[in-house]
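Content type mmCIF, C-alpha atoms, from the file run.cif:
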```
data_protein
#
loop_
_atom_site.label_atom_id
_atom_site.label_comp_id
_atom_site.auth_asym_id
_atom_site.auth_seq_id
_atom_site.Cartn_x
_atom_site.Cartn_y
_atom_site.Cartn_z
CA MET A 1 0.00 0.00 0.00
CA ASN A 2 1.57 3.25 -1.11
CA LYS A 3 0.00 6.60 -0.23
CA VAL A 4 2.77 8.82 -1.47
CA VAL A 5 1.90 11.74 -3.73
CA ALA A 6 4.44 13.88 -5.55
CA GLY A 7 3.97 17.08 -3.55
CA PRO A 8 1.56 19.55 -2.02
CA SER A 9 -0.17 20.65 -5.22
CA GLU A 10 -1.11 17.06 -6.05
CA ALA A 11 -2.09 16.40 -2.43
CA VAL A 12 -4.58 19.29 -2.21
CA ARG A 13 -5.76 19.16 -5.86
CA ASP A 14 -9.40 18.27 -5.05
CA ILE A 15 -9.93 20.75 -2.20
CA GLY A 16 -12.69 22.91 -3.65
CA ASP A 17 -14.42 26.16 -2.80
CA GLY A 18 -16.44 25.89 0.40
CA ALA A 19 -14.51 22.91 1.80
CA THR A 20 -14.13 22.37 5.55
CA LEU A 21 -10.51 21.83 6.59
CA LEU A 22 -8.90 20.73 9.83
CA LEU A 23 -5.41 22.23 10.08
CA GLY A 24 -2.91 20.89 12.62
CA GLY A 25 -0.53 23.04 14.63
CA PHE A 26 -0.37 25.19 17.75
CA GLY A 27 0.60 28.74 16.98
CA LEU A 28 3.13 28.32 14.18
CA CYS A 29 4.43 25.07 15.68
CA GLY A 30 3.73 21.97 13.59
CA ILE A 31 1.62 23.65 10.91
CA PRO A 32 1.22 22.17 7.39
CA GLU A 33 3.30 24.90 5.71
CA ASN A 34 3.50 23.26 2.27
CA CYS A 35 -0.24 22.54 1.99
CA ILE A 36 -1.12 26.09 3.05
CA ALA A 37 1.24 27.48 0.39
CA SER A 38 -0.47 25.34 -2.27
CA LEU A 39 -3.95 26.43 -1.17
CA VAL A 40 -2.82 30.05 -1.50
CA LYS A 41 -1.50 29.31 -5.02
CA MET A 42 -4.76 27.51 -6.01
CA GLY A 43 -6.84 30.43 -4.80
CA VAL A 44 -9.59 28.17 -3.43
CA LYS A 45 -12.26 30.27 -1.68
CA ASN A 46 -14.89 30.23 1.07
CA LEU A 47 -12.99 27.78 3.24
CA THR A 48 -14.06 26.84 6.72
CA CYS A 49 -10.85 26.33 8.68
CA VAL A 50 -10.72 24.53 11.99
CA SER A 51 -7.42 25.26 13.69
CA ASN A 52 -6.41 26.14 17.24
CA ASN A 53 -4.98 29.47 16.03
CA ALA A 54 -5.20 31.56 12.87
CA GLY A 55 -1.49 32.06 12.25
CA VAL A 56 0.15 35.47 12.18
CA ASP A 57 -0.36 38.19 9.57
CA ASP A 58 2.23 36.86 7.12
CA PHE A 59 2.49 33.17 7.95
CA GLY A 60 0.38 30.08 8.50
CA ILE A 61 -3.36 30.50 8.04
CA GLY A 62 -2.66 34.25 8.00
CA LEU A 63 -1.60 33.76 4.36
CA LEU A 64 -5.08 32.39 3.50
CA LEU A 65 -6.72 35.24 5.41
CA GLN A 66 -4.65 37.82 3.50
CA GLN A 67 -6.06 36.46 0.21
CA LYS A 68 -9.59 36.42 1.70
CA GLN A 69 -9.88 32.68 1.10
CA VAL A 70 -11.43 31.95 4.49
CA LYS A 71 -15.16 32.30 5.11
CA LYS A 72 -15.17 30.94 8.63
CA MET A 73 -12.60 30.17 11.33
CA ILE A 74 -13.20 27.79 14.21
CA SER A 75 -10.42 28.35 16.75
CA SER A 76 -9.71 28.68 20.45
CA TYR A 77 -7.28 31.60 20.38
CA VAL A 78 -6.68 34.15 17.63
CA GLY A 79 -4.78 36.87 19.45
CA GLU A 80 -1.73 37.13 17.24
CA ASN A 81 -3.24 38.24 13.95
CA ALA A 82 -4.18 41.86 13.20
CA GLU A 83 -5.66 41.10 9.75
CA PHE A 84 -7.84 38.46 11.37
CA GLU A 85 -9.12 40.96 13.92
CA ARG A 86 -9.80 43.51 11.17
CA GLN A 87 -11.82 41.02 9.06
CA LEU A 88 -13.69 39.88 12.13
CA LEU A 89 -14.66 43.35 13.34
CA SER A 90 -15.66 44.40 9.77
CA GLY A 91 -17.87 41.32 9.44
CA GLU A 92 -16.01 39.84 6.44
CA LEU A 93 -15.03 36.78 8.43
CA GLN A 94 -17.19 34.48 10.55
CA VAL A 95 -15.53 33.23 13.71
CA GLU A 96 -16.52 30.58 16.18
CA LEU A 97 -14.34 30.59 19.29
CA ILE A 98 -14.42 27.34 21.23
CA PRO A 99 -12.48 26.02 24.23
CA GLN A 100 -9.18 24.39 23.29
CA GLY A 101 -9.98 21.09 24.98
CA THR A 102 -13.35 21.02 23.24
CA LEU A 103 -11.60 21.57 19.90
CA ALA A 104 -9.22 18.69 20.59
CA THR A 105 -11.90 16.33 21.82
CA ARG A 106 -14.30 17.04 18.95
CA CYS A 107 -11.47 15.86 16.66
CA LEU A 108 -10.87 12.85 18.86
CA ALA A 109 -14.56 11.93 18.76
CA ALA A 110 -14.57 12.01 14.95
CA GLY A 111 -11.48 9.80 14.84
CA TYR A 112 -12.96 7.39 17.36
CA GLY A 113 -16.26 7.11 15.50
CA MET A 114 -18.27 8.78 18.25
CA PRO A 115 -20.87 11.40 17.31
CA ALA A 116 -20.51 13.65 20.33
CA ILE A 117 -18.89 14.25 23.69
CA PHE A 118 -19.85 15.85 27.00
CA THR A 119 -17.49 18.41 28.49
CA PRO A 120 -17.73 20.81 31.44
CA ALA A 121 -15.76 23.50 29.54
CA GLY A 122 -17.96 26.52 28.88
CA VAL A 123 -20.84 25.62 31.20
CA GLY A 124 -22.46 28.86 32.38
CA THR A 125 -20.73 30.94 29.68
CA GLU A 126 -21.83 32.19 26.25
CA VAL A 127 -20.17 29.09 24.74
CA ALA A 128 -23.09 27.12 26.20
CA ALA A 129 -25.73 29.13 24.29
CA GLY A 130 -28.15 26.79 22.51
CA LYS A 131 -26.33 23.65 23.61
CA GLU A 132 -27.79 20.70 25.48
CA VAL A 133 -26.68 20.56 29.12
CA ARG A 134 -26.66 17.23 30.93
CA ASN A 135 -25.94 16.62 34.60
CA PHE A 136 -23.76 13.66 35.54
CA ASN A 137 -22.95 12.96 39.20
CA GLY A 138 -23.96 16.47 40.23
CA LYS A 139 -21.92 18.36 37.61
CA ASP A 140 -23.15 19.98 34.39
CA TYR A 141 -21.69 19.13 30.99
CA LEU A 142 -22.24 20.50 27.48
CA LEU A 143 -23.02 18.29 24.52
CA GLU A 144 -20.50 18.99 21.75
CA TYR A 145 -20.52 17.29 18.36
CA ALA A 146 -17.67 15.52 16.56
CA PHE A 147 -16.23 17.53 13.67
CA ASP A 148 -17.40 16.60 10.20
CA ALA A 149 -14.57 17.80 7.96
CA ASP A 150 -13.77 17.10 4.31
CA PHE A 151 -10.01 17.24 4.71
CA ALA A 152 -7.38 17.26 7.43
CA LEU A 153 -3.99 18.83 6.71
CA VAL A 154 -1.30 17.76 9.14
CA LYS A 155 2.45 18.08 9.53
CA ALA A 156 4.59 15.28 10.96
CA TRP A 157 8.28 14.87 11.71
CA LYS A 158 8.60 11.44 10.10
CA GLY A 159 6.24 9.38 8.02
CA ASP A 160 6.39 6.23 5.93
CA THR A 161 4.94 5.32 2.55
CA MET A 162 1.95 3.64 4.27
CA GLY A 163 1.03 6.88 6.04
CA ASN A 164 2.26 6.01 9.54
CA LEU A 165 3.31 9.19 11.34
CA ILE A 166 5.63 10.26 14.15
CA PHE A 167 5.59 13.80 15.56
CA HIS A 168 8.30 15.74 17.32
CA ALA A 169 8.06 17.44 20.71
CA THR A 170 5.22 19.96 21.06
CA ALA A 171 4.75 20.04 17.28
CA ARG A 172 2.49 17.03 17.92
CA ASN A 173 -0.34 19.10 19.47
CA PHE A 174 -3.51 18.80 17.34
CA ASN A 175 -1.88 16.96 14.42
CA PRO A 176 -2.59 13.32 15.38
CA LEU A 177 -6.16 14.24 16.38
CA MET A 178 -6.92 16.03 13.15
CA ALA A 179 -5.25 13.22 11.20
CA MET A 180 -7.82 10.85 12.72
CA ALA A 181 -10.73 13.18 12.06
CA GLY A 182 -10.49 14.11 8.37
CA LYS A 183 -12.44 12.20 5.71
CA ILE A 184 -9.33 12.66 3.59
CA THR A 185 -6.16 13.26 5.59
CA ILE A 186 -3.12 14.74 3.92
CA ALA A 187 0.17 14.46 5.80
CA GLU A 188 3.29 16.43 4.93
CA VAL A 189 6.44 15.18 6.60
CA GLU A 190 9.97 16.42 7.17
CA GLU A 191 11.33 12.95 6.46
CA LEU A 192 9.55 10.34 4.34
CA VAL A 193 10.88 6.79 4.69
CA PRO A 194 9.96 3.40 3.16
CA ALA A 195 7.39 1.30 5.08
CA GLY A 196 9.13 -0.84 7.67
CA GLU A 197 11.70 1.73 8.70
CA LEU A 198 9.70 3.26 11.55
CA ASP A 199 9.56 1.42 14.86
CA PRO A 200 5.93 0.23 15.16
CA ASP A 201 6.04 0.95 18.89
CA ALA A 202 6.97 4.58 18.23
CA ILE A 203 4.27 5.48 15.68
CA HIS A 204 1.76 8.08 16.91
CA THR A 205 -0.75 7.98 14.04
CA PRO A 206 -1.58 4.65 12.37
CA GLY A 207 -1.50 4.97 8.58
CA ILE A 208 -5.13 3.82 8.25
CA TYR A 209 -6.10 7.42 9.05
CA VAL A 210 -3.86 8.93 6.36
CA GLN A 211 -4.86 8.92 2.68
CA ARG A 212 -2.02 10.98 1.16
CA ILE A 213 1.52 11.66 2.29
CA PHE A 214 4.37 13.61 0.77
CA GLN A 215 7.91 14.73 1.52
CA GLY A 216 7.68 18.40 2.48
CA THR A 217 10.28 20.96 1.47
CA ASN A 218 11.69 24.32 2.53
CA TYR A 219 10.30 24.31 6.05
CA GLU A 220 10.61 27.67 7.69
CA ASN A 221 9.56 26.36 11.16
CA ARG A 222 9.14 29.93 12.25
CA ILE A 223 9.37 30.80 15.95
CA GLU A 224 6.56 33.04 17.17
CA GLN A 225 8.00 34.10 20.55
CA ARG A 226 11.75 33.65 20.80
CA THR A 227 12.51 33.56 24.52
CA VAL A 228 15.99 32.67 25.77
CA THR A 229 18.11 32.45 28.89
CA ARG A 230 21.23 34.62 28.61
CA ARG A 231 24.47 32.66 28.58
CA MET B 1 3.70 49.34 49.05
CA SER B 2 1.88 47.30 46.49
CA LEU B 3 3.49 44.09 45.28
CA THR B 4 5.44 43.85 42.05
CA LYS B 5 4.46 41.19 39.53
CA GLU B 6 7.47 39.18 40.72
CA GLN B 7 6.25 39.42 44.32
CA ILE B 8 2.75 38.31 43.35
CA ALA B 9 4.35 35.25 41.72
CA GLN B 10 6.55 34.72 44.79
CA ARG B 11 3.49 34.77 47.07
CA ILE B 12 1.60 32.31 44.84
CA ALA B 13 4.59 29.95 44.88
CA ARG B 14 3.89 29.44 48.61
CA GLU B 15 0.74 27.58 47.58
CA LEU B 16 2.81 24.89 45.82
CA ARG B 17 3.15 21.50 47.49
CA HIS B 18 5.51 18.62 46.97
CA GLY B 19 4.31 16.37 44.13
CA TYR B 20 2.00 18.92 42.54
CA TYR B 21 1.28 19.00 38.81
CA VAL B 22 0.72 22.67 37.98
CA ASN B 23 -0.54 24.61 34.96
CA LEU B 24 0.66 28.21 34.80
CA GLY B 25 -1.12 30.67 32.51
CA ILE B 26 0.42 33.46 30.47
CA GLY B 27 1.74 36.62 32.18
CA ILE B 28 2.28 36.83 35.96
CA PRO B 29 1.44 33.10 36.43
CA THR B 30 4.43 32.13 34.25
CA LEU B 31 6.71 33.90 36.77
CA VAL B 32 5.64 31.49 39.53
CA ALA B 33 8.03 28.95 37.98
CA ASN B 34 10.94 31.14 39.15
CA TYR B 35 9.97 30.69 42.82
CA ILE B 36 9.45 26.94 43.18
CA PRO B 37 11.21 26.18 46.49
CA ALA B 38 14.51 24.30 46.10
CA GLY B 39 14.05 20.58 46.60
CA MET B 40 10.29 20.65 46.00
CA ASP B 41 9.11 18.34 43.24
CA VAL B 42 6.67 20.29 41.10
CA VAL B 43 5.92 19.31 37.49
CA LEU B 44 4.75 22.06 35.14
CA GLN B 45 2.09 21.17 32.57
CA SER B 46 1.87 23.10 29.32
CA GLU B 47 -1.49 22.47 27.68
CA ASN B 48 -0.07 22.32 24.16
CA GLY B 49 1.28 18.91 25.11
CA LEU B 50 4.06 18.76 27.69
CA LEU B 51 4.60 17.67 31.27
CA GLY B 52 7.97 18.73 32.66
CA MET B 53 8.45 22.21 31.23
CA GLY B 54 11.87 23.74 31.89
CA PRO B 55 13.29 27.27 31.61
CA PHE B 56 13.87 29.21 28.39
CA PRO B 57 16.66 27.71 26.25
CA LEU B 58 20.14 29.18 26.04
CA GLU B 59 20.60 31.54 23.10
CA GLY B 60 21.15 29.52 19.95
CA GLU B 61 19.51 26.39 21.37
CA GLU B 62 15.89 27.32 20.59
CA ASP B 63 13.84 24.52 19.01
CA PRO B 64 10.84 25.76 16.98
CA ASP B 65 9.11 22.45 17.79
CA LEU B 66 9.43 23.03 21.55
CA ILE B 67 7.18 25.81 22.83
CA ASN B 68 4.81 26.49 25.71
CA ALA B 69 1.16 27.51 25.53
CA GLY B 70 2.25 31.15 25.20
CA LYS B 71 4.18 30.13 22.05
CA GLN B 72 7.48 30.89 23.79
CA THR B 73 10.53 28.71 23.17
CA ILE B 74 11.24 26.55 26.22
CA THR B 75 13.15 23.46 27.34
CA THR B 76 12.20 20.22 29.04
CA VAL B 77 13.38 18.86 32.38
CA LYS B 78 14.36 15.31 33.34
CA GLY B 79 11.36 12.97 33.12
CA SER B 80 9.39 15.13 30.73
CA VAL B 81 6.80 13.75 28.30
CA PHE B 82 5.05 15.00 25.18
CA PHE B 83 1.47 14.17 24.23
CA ASP B 84 -1.29 15.40 21.94
CA SER B 85 -3.85 18.06 22.83
CA ALA B 86 -6.62 15.53 23.58
CA VAL B 87 -4.47 13.76 26.18
CA SER B 88 -3.46 17.16 27.53
CA PHE B 89 -7.03 18.27 28.09
CA GLY B 90 -7.95 14.75 29.16
CA MET B 91 -5.62 15.01 32.16
CA ILE B 92 -6.99 18.50 32.87
CA ARG B 93 -10.63 17.41 32.61
CA ALA B 94 -9.99 14.32 34.72
CA GLY B 95 -8.75 16.54 37.56
CA ARG B 96 -5.16 15.29 37.50
CA VAL B 97 -3.72 18.81 37.47
CA ASP B 98 -3.46 19.87 41.12
CA LEU B 99 -3.24 23.63 40.69
CA THR B 100 -4.02 26.11 37.94
CA VAL B 101 -2.78 29.69 38.12
CA LEU B 102 -4.17 32.17 35.62
CA GLY B 103 -4.74 35.84 35.03
CA ALA B 104 -8.14 37.55 34.94
CA MET B 105 -9.87 40.74 33.91
CA GLU B 106 -12.59 40.29 36.55
CA VAL B 107 -13.40 37.90 39.39
CA SER B 108 -16.72 37.84 41.24
CA ASP B 109 -17.17 37.19 44.94
CA GLN B 110 -18.83 33.89 43.95
CA GLY B 111 -15.62 32.78 42.24
CA ASP B 112 -16.75 33.48 38.66
CA ILE B 113 -13.94 34.53 36.32
CA ALA B 114 -13.85 36.60 33.11
CA ASN B 115 -10.63 36.71 31.12
CA TRP B 116 -11.19 36.05 27.42
CA LYS B 117 -13.25 38.72 25.73
CA ILE B 118 -14.16 42.41 25.82
CA PRO B 119 -17.21 42.75 23.54
CA GLY B 120 -16.53 45.06 20.59
CA LYS B 121 -12.91 45.64 21.62
CA MET B 122 -10.92 42.50 22.09
CA VAL B 123 -11.53 39.09 20.57
CA LYS B 124 -8.59 36.90 21.35
CA GLY B 125 -10.40 33.79 22.50
CA MET B 126 -10.43 31.56 25.55
CA GLY B 127 -7.65 29.19 24.53
CA GLY B 128 -7.53 26.48 27.18
CA ALA B 129 -8.81 28.67 30.02
CA MET B 130 -12.43 27.45 29.93
CA ASP B 131 -11.32 23.82 30.09
CA LEU B 132 -8.90 24.56 32.92
CA VAL B 133 -11.34 26.47 35.11
CA ALA B 134 -14.13 23.95 34.51
CA SER B 135 -12.06 21.07 35.85
CA ALA B 136 -9.07 22.13 37.95
CA ARG B 137 -9.44 21.31 41.64
CA ASN B 138 -7.66 24.43 42.80
CA ILE B 139 -7.63 27.69 40.85
CA ILE B 140 -5.64 30.73 41.91
CA VAL B 141 -5.98 34.01 40.05
CA ALA B 142 -3.01 36.35 39.74
CA MET B 143 -3.96 39.90 38.78
CA MET B 144 -3.88 43.59 39.62
CA HIS B 145 -6.55 44.59 42.15
CA THR B 146 -7.84 47.39 39.89
CA ASN B 147 -7.87 47.99 36.13
CA PRO B 148 -5.86 50.78 34.46
CA LYS B 149 -8.81 53.15 35.09
CA GLY B 150 -8.56 52.42 38.82
CA GLU B 151 -11.79 50.40 38.90
CA SER B 152 -12.06 47.29 41.04
CA LYS B 153 -11.56 43.93 39.32
CA LEU B 154 -13.01 42.12 42.34
CA LEU B 155 -16.72 42.46 41.78
CA ARG B 156 -20.10 41.45 43.13
CA ALA B 157 -20.79 40.07 39.64
CA CYS B 158 -18.62 40.00 36.52
CA THR B 159 -19.62 42.42 33.75
CA LEU B 160 -17.53 40.77 30.99
CA PRO B 161 -18.36 37.44 29.33
CA LEU B 162 -17.53 34.63 31.73
CA THR B 163 -14.77 32.07 31.35
CA GLY B 164 -16.06 29.90 34.18
CA VAL B 165 -18.56 29.87 37.01
CA ARG B 166 -17.88 29.46 40.76
CA CYS B 167 -14.41 28.08 40.23
CA VAL B 168 -11.81 30.51 41.64
CA LYS B 169 -10.58 29.58 45.12
CA LYS B 170 -7.98 32.24 45.83
CA ILE B 171 -6.82 35.57 44.38
CA VAL B 172 -3.42 37.17 44.80
CA THR B 173 -3.35 40.81 43.71
CA ASP B 174 -0.81 43.60 44.04
CA ILE B 175 -2.34 44.60 47.38
CA ALA B 176 -4.03 41.56 48.90
CA VAL B 177 -4.52 37.82 49.17
CA LEU B 178 -8.19 36.84 49.23
CA GLU B 179 -10.12 33.58 49.43
CA VAL B 180 -13.51 33.01 47.86
CA THR B 181 -16.02 31.84 50.46
CA PRO B 182 -19.80 31.24 50.33
CA THR B 183 -20.24 34.80 51.68
CA GLY B 184 -17.84 36.53 49.30
CA PHE B 185 -14.16 37.46 49.46
CA LEU B 186 -12.28 36.84 52.69
CA LEU B 187 -9.24 39.06 53.19
CA VAL B 188 -6.39 36.74 54.19
CA GLU B 189 -3.27 38.87 53.85
CA ARG B 190 -2.37 42.37 52.76
CA ALA B 191 0.67 43.77 50.98
CA PRO B 192 3.24 45.37 53.32
CA GLY B 193 2.07 48.85 54.28
CA VAL B 194 -1.30 48.60 52.50
CA SER B 195 -4.21 49.30 54.85
CA VAL B 196 -7.35 47.21 55.20
CA GLU B 197 -9.30 50.38 54.35
CA GLU B 198 -7.48 50.77 51.04
CA ILE B 199 -8.23 47.15 50.13
CA GLN B 200 -11.84 47.64 51.20
CA SER B 201 -12.17 50.74 49.00
CA LYS B 202 -10.73 48.94 45.97
CA THR B 203 -12.92 45.85 46.35
CA GLU B 204 -16.41 46.18 44.90
CA GLY B 205 -17.52 42.64 45.81
CA ARG B 206 -18.52 41.59 49.32
CA LEU B 207 -15.44 41.55 51.53
CA THR B 208 -15.13 39.93 54.93
CA ILE B 209 -12.44 41.07 57.34
CA GLN B 210 -11.81 38.92 60.41
CA GLY B 211 -9.60 40.36 63.11
CA GLY B 212 -6.15 41.64 62.33
CA VAL B 213 -5.11 40.91 58.75
CA PRO B 214 -1.41 40.00 58.60
CA GLU B 215 0.98 41.58 56.13
CA ILE B 216 2.67 39.36 53.56
CA VAL B 217 6.24 38.80 54.67
CA PHE B 218 8.97 38.39 52.07
#
```

I'd like the structure from this file rewritten - as structure tokens, please.
Amino acid sequence: MNKVVAGPSEAVRDIGDGATLLLGGFGLCGIPENCIASLVKMGVKNLTCVSNNAGVDDFGIGLLLQQKQVKKMISSYVGENAEFERQLLSGELQVELIPQGTLATRCLAAGYGMPAIFTPAGVGTEVAAGKEVRNFNGKDYLLEYAFDADFALVKAWKGDTMGNLIFHATARNFNPLMAMAGKITIAEVEELVPAGELDPDAIHTPGIYVQRIFQGTNYENRIEQRTVTRR
Amino acid sequence: MSLTKEQIAQRIARELRHGYYVNLGIGIPTLVANYIPAGMDVVLQSENGLLGMGPFPLEGEEDPDLINAGKQTITTVKGSVFFDSAVSFGMIRAGRVDLTVLGAMEVSDQGDIANWKIPGKMVKGMGGAMDLVASARNIIVAMMHTNPKGESKLLRACTLPLTGVRCVKKIVTDIAVLEVTPTGFLLVERAPGVSVEEIQSKTEGRLTIQGGVPEIVF
């Protein structure tokens, strides 16, 4: 079984206007840089993007926002992007802010074949508006639905030709969850190896969840907040 | 004398106990890591997927794949472990994190907290704060007692959109340490040289004062 495609433009070729995308990453850490660049080049429009953050003005999902390719963002924190804030306040962009754990677990539910979850996050806040509340053992929980997304775009450290993935450090974040949740999951990897070369005990995402994989190139791996201890 | 941000963090560090798993929010809470008593085993959780967060890296040793929830480059300590965001919020939701310290724009005397949105002005989002406050067993808020306009941030009821309801246990501000009780805020300690009257005048919510309130000693 070989899931390798030539590169990002082939991998995202059938993402059409109005598609719903799950995009891995936390801040600019572990984001699918190559796929985002191809989507910008394709000029696909009216996207619904589910991603913890919305990038910064000139990188990550910020590049899609600049070209006005995004109709709706579903995120937990969007504080680092001035263009995002401008489009939001002017009404050009729809935004649904949801708790970070809810975002993660709605991906997990989709990947686990479960339609919904109950979580206490957001009970008693405006996040709870219109949602079913259920009490278990004296505590209230909100009903939240699994994501139903056309594509997931994820970035891994290593992957093999069968789509098995390994992530590095905190670049793992939402990537394995979104990989499990997409109807079609596209993985870009820093190092693509033949099947059999990855230690089966070390694989984070089983290849059954991945439909397309390619060797990424020219990773910028940009740092958002460079903080250091003086020598 | 009101406390500096460093002193607020120093005072909060006294709430740490041996063996605690702790989540520190962005801002003053992050500084608490600098005051973990020597020899005390405390493991820092970063909700983007790390247990065992260490200090900032030495210049030139930054790893773009190794950041904290504030997107800052960090290091790991011995025994650290990485995991995905579902596991991260799983351990939070399951109550395995012993203490959460976070900032706030407003806290009510019922323990409600608002820290994610100012309608029409600021739309940054809640990040992991709603999950943390909904599940953590012990939540301490680190913040200034008043906002830049001089208005109290300790209120009878929050005016901003809530992050969580009846969840805050303790608040450490630049002038006081307060606990949330069924009858409102209880003044526990005051900053050196700050009078009970000053704290009273800067606290809009119900405030209980029992006997002599000790000064915080550094």

Notebook entry, point to check: Of the candidates B:Met126, B:Met53, B:Ile113, B:Leu160, which shows the shortest atom-to-atom distance to chain A, using only C-alpha atoms?
Noted result: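 So, comparing all the options, the nearest one is B:Met126.
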
Expanded to explicit residues, what is the PyMOL selection byres ((chain A) within 9 of (chain B)) for this file, as a PDB file with C-alpha atoms, in the coordinates of the input?
```
ATOM      1  CA  PHE A  26      -0.370  25.190  17.750  1.00  0.00           C
ATOM      2  CA  GLY A  27       0.600  28.740  16.980  1.00  0.00           C
ATOM      3  CA  LEU A  28       3.130  28.320  14.180  1.00  0.00           C
ATOM      4  CA  CYS A  29       4.430  25.070  15.680  1.00  0.00           C
ATOM      5  CA  GLY A  30       3.730  21.970  13.590  1.00  0.00           C
ATOM      6  CA  ASN A  52      -6.410  26.140  17.240  1.00  0.00           C
ATOM      7  CA  ASN A  53      -4.980  29.470  16.030  1.00  0.00           C
ATOM      8  CA  SER A  75     -10.420  28.350  16.750  1.00  0.00           C
ATOM      9  CA  SER A  76      -9.710  28.680  20.450  1.00  0.00           C
ATOM     10  CA  TYR A  77      -7.280  31.600  20.380  1.00  0.00           C
ATOM     11  CA  VAL A  78      -6.680  34.150  17.630  1.00  0.00           C
ATOM     12  CA  GLY A  79      -4.780  36.870  19.450  1.00  0.00           C
ATOM     13  CA  GLU A  80      -1.730  37.130  17.240  1.00  0.00           C
ATOM     14  CA  GLU A  85      -9.120  40.960  13.920  1.00  0.00           C
ATOM     15  CA  LEU A  88     -13.690  39.880  12.130  1.00  0.00           C
ATOM     16  CA  LEU A  89     -14.660  43.350  13.340  1.00  0.00           C
ATOM     17  CA  LEU A  97     -14.340  30.590  19.290  1.00  0.00           C
ATOM     18  CA  ILE A  98     -14.420  27.340  21.230  1.00  0.00           C
ATOM     19  CA  PRO A  99     -12.480  26.020  24.230  1.00  0.00           C
ATOM     20  CA  GLN A 100      -9.180  24.390  23.290  1.00  0.00           C
ATOM     21  CA  GLY A 101      -9.980  21.090  24.980  1.00  0.00           C
ATOM     22  CA  THR A 102     -13.350  21.020  23.240  1.00  0.00           C
ATOM     23  CA  LEU A 103     -11.600  21.570  19.900  1.00  0.00           C
ATOM     24  CA  ALA A 104      -9.220  18.690  20.590  1.00  0.00           C
ATOM     25  CA  THR A 105     -11.900  16.330  21.820  1.00  0.00           C
ATOM     26  CA  CYS A 107     -11.470  15.860  16.660  1.00  0.00           C
ATOM     27  CA  LEU A 108     -10.870  12.850  18.860  1.00  0.00           C
ATOM     28  CA  THR A 119     -17.490  18.410  28.490  1.00  0.00           C
ATOM     29  CA  PRO A 120     -17.730  20.810  31.440  1.00  0.00           C
ATOM     30  CA  ALA A 121     -15.760  23.500  29.540  1.00  0.00           C
ATOM     31  CA  GLY A 122     -17.960  26.520  28.880  1.00  0.00           C
ATOM     32  CA  VAL A 123     -20.840  25.620  31.200  1.00  0.00           C
ATOM     33  CA  GLY A 124     -22.460  28.860  32.380  1.00  0.00           C
ATOM     34  CA  THR A 125     -20.730  30.940  29.680  1.00  0.00           C
ATOM     35  CA  GLU A 126     -21.830  32.190  26.250  1.00  0.00           C
ATOM     36  CA  HIS A 168       8.300  15.740  17.320  1.00  0.00           C
ATOM     37  CA  ALA A 169       8.060  17.440  20.710  1.00  0.00           C
ATOM     38  CA  THR A 170       5.220  19.960  21.060  1.00  0.00           C
ATOM     39  CA  ALA A 171       4.750  20.040  17.280  1.00  0.00           C
ATOM     40  CA  ARG A 172       2.490  17.030  17.920  1.00  0.00           C
ATOM     41  CA  ASN A 173      -0.340  19.100  19.470  1.00  0.00           C
ATOM     42  CA  PHE A 174      -3.510  18.800  17.340  1.00  0.00           C
ATOM     43  CA  ASN A 175      -1.880  16.960  14.420  1.00  0.00           C
ATOM     44  CA  PRO A 176      -2.590  13.320  15.380  1.00  0.00           C
ATOM     45  CA  LEU A 177      -6.160  14.240  16.380  1.00  0.00           C
ATOM     46  CA  ASN A 221       9.560  26.360  11.160  1.00  0.00           C
ATOM     47  CA  ARG A 222       9.140  29.930  12.250  1.00  0.00           C
ATOM     48  CA  ILE A 223       9.370  30.800  15.950  1.00  0.00           C
ATOM     49  CA  GLU A 224       6.560  33.040  17.170  1.00  0.00           C
ATOM     50  CA  GLN A 225       8.000  34.100  20.550  1.00  0.00           C
ATOM     51  CA  ARG A 226      11.750  33.650  20.800  1.00  0.00           C
ATOM     52  CA  THR A 227      12.510  33.560  24.520  1.00  0.00           C
ATOM     53  CA  VAL A 228      15.990  32.670  25.770  1.00  0.00           C
ATOM     54  CA  THR A 229      18.110  32.450  28.890  1.00  0.00           C
ATOM     55  CA  ARG A 230      21.230  34.620  28.610  1.00  0.00           C
ATOM     56  CA  ARG A 231      24.470  32.660  28.580  1.00  0.00           C
TER      57      ARG A 231
END
```

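Reported to one decimal place, the separation of CA of Gly95 in chain B from CA of Ala136 in chain B is 5.6 Å.
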
Margin query: Restricting the calculation to all atoms listed in the file: of B:Leu178, B:Val107, B:Leu187, B:Ile199, which residue gets closest to Leu155 in chain B?
Written below: B:Val107

Margin query: When the PyMOL selection byres ((chain A and resi 60) around 9) is applied to the structure above, which residues does it catch, written out as JSON, numbers by chain?
Written below: {"A": [27, 28, 31, 32, 33, 36, 37, 54, 55, 56, 57, 58, 59, 61, 62, 63, 64]}

Next item on the list: For Thr205 in chain A, please output as number ranges by chain all residues within 12 Å (counting all atoms listed in the file; exclusion window: fewer than 4 positions along the same chain).
Entry: A: 111, 154-160, 162-167, 172, 174-181, 185, 187, 198, 200-201, 209-210; B: 84

Notebook entry, point to check: Hey, can you check how far CA of Asp174 in chain B sits from CA of Leu16 in chain B?
Noted result: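 Computing it gives 19.1 Å between the two atoms.
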
Item checked: Evaluate the PyMOL selection byres ((chain A and resi 138-153) around 6) and report residues as a VMD selection string -> chain A and resid 20 to 23 106 to 107 109 to 110 115 to 120 132 to 137 154 178 to 179 182 to 186

Note to self: Just to confirm, what's the straight-line distance from CA of Tyr219 in chain A to CA of Val4 in chain A in Å (one decimal)?
What the structure shows: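 Computing it gives 18.8 Å between the two atoms.
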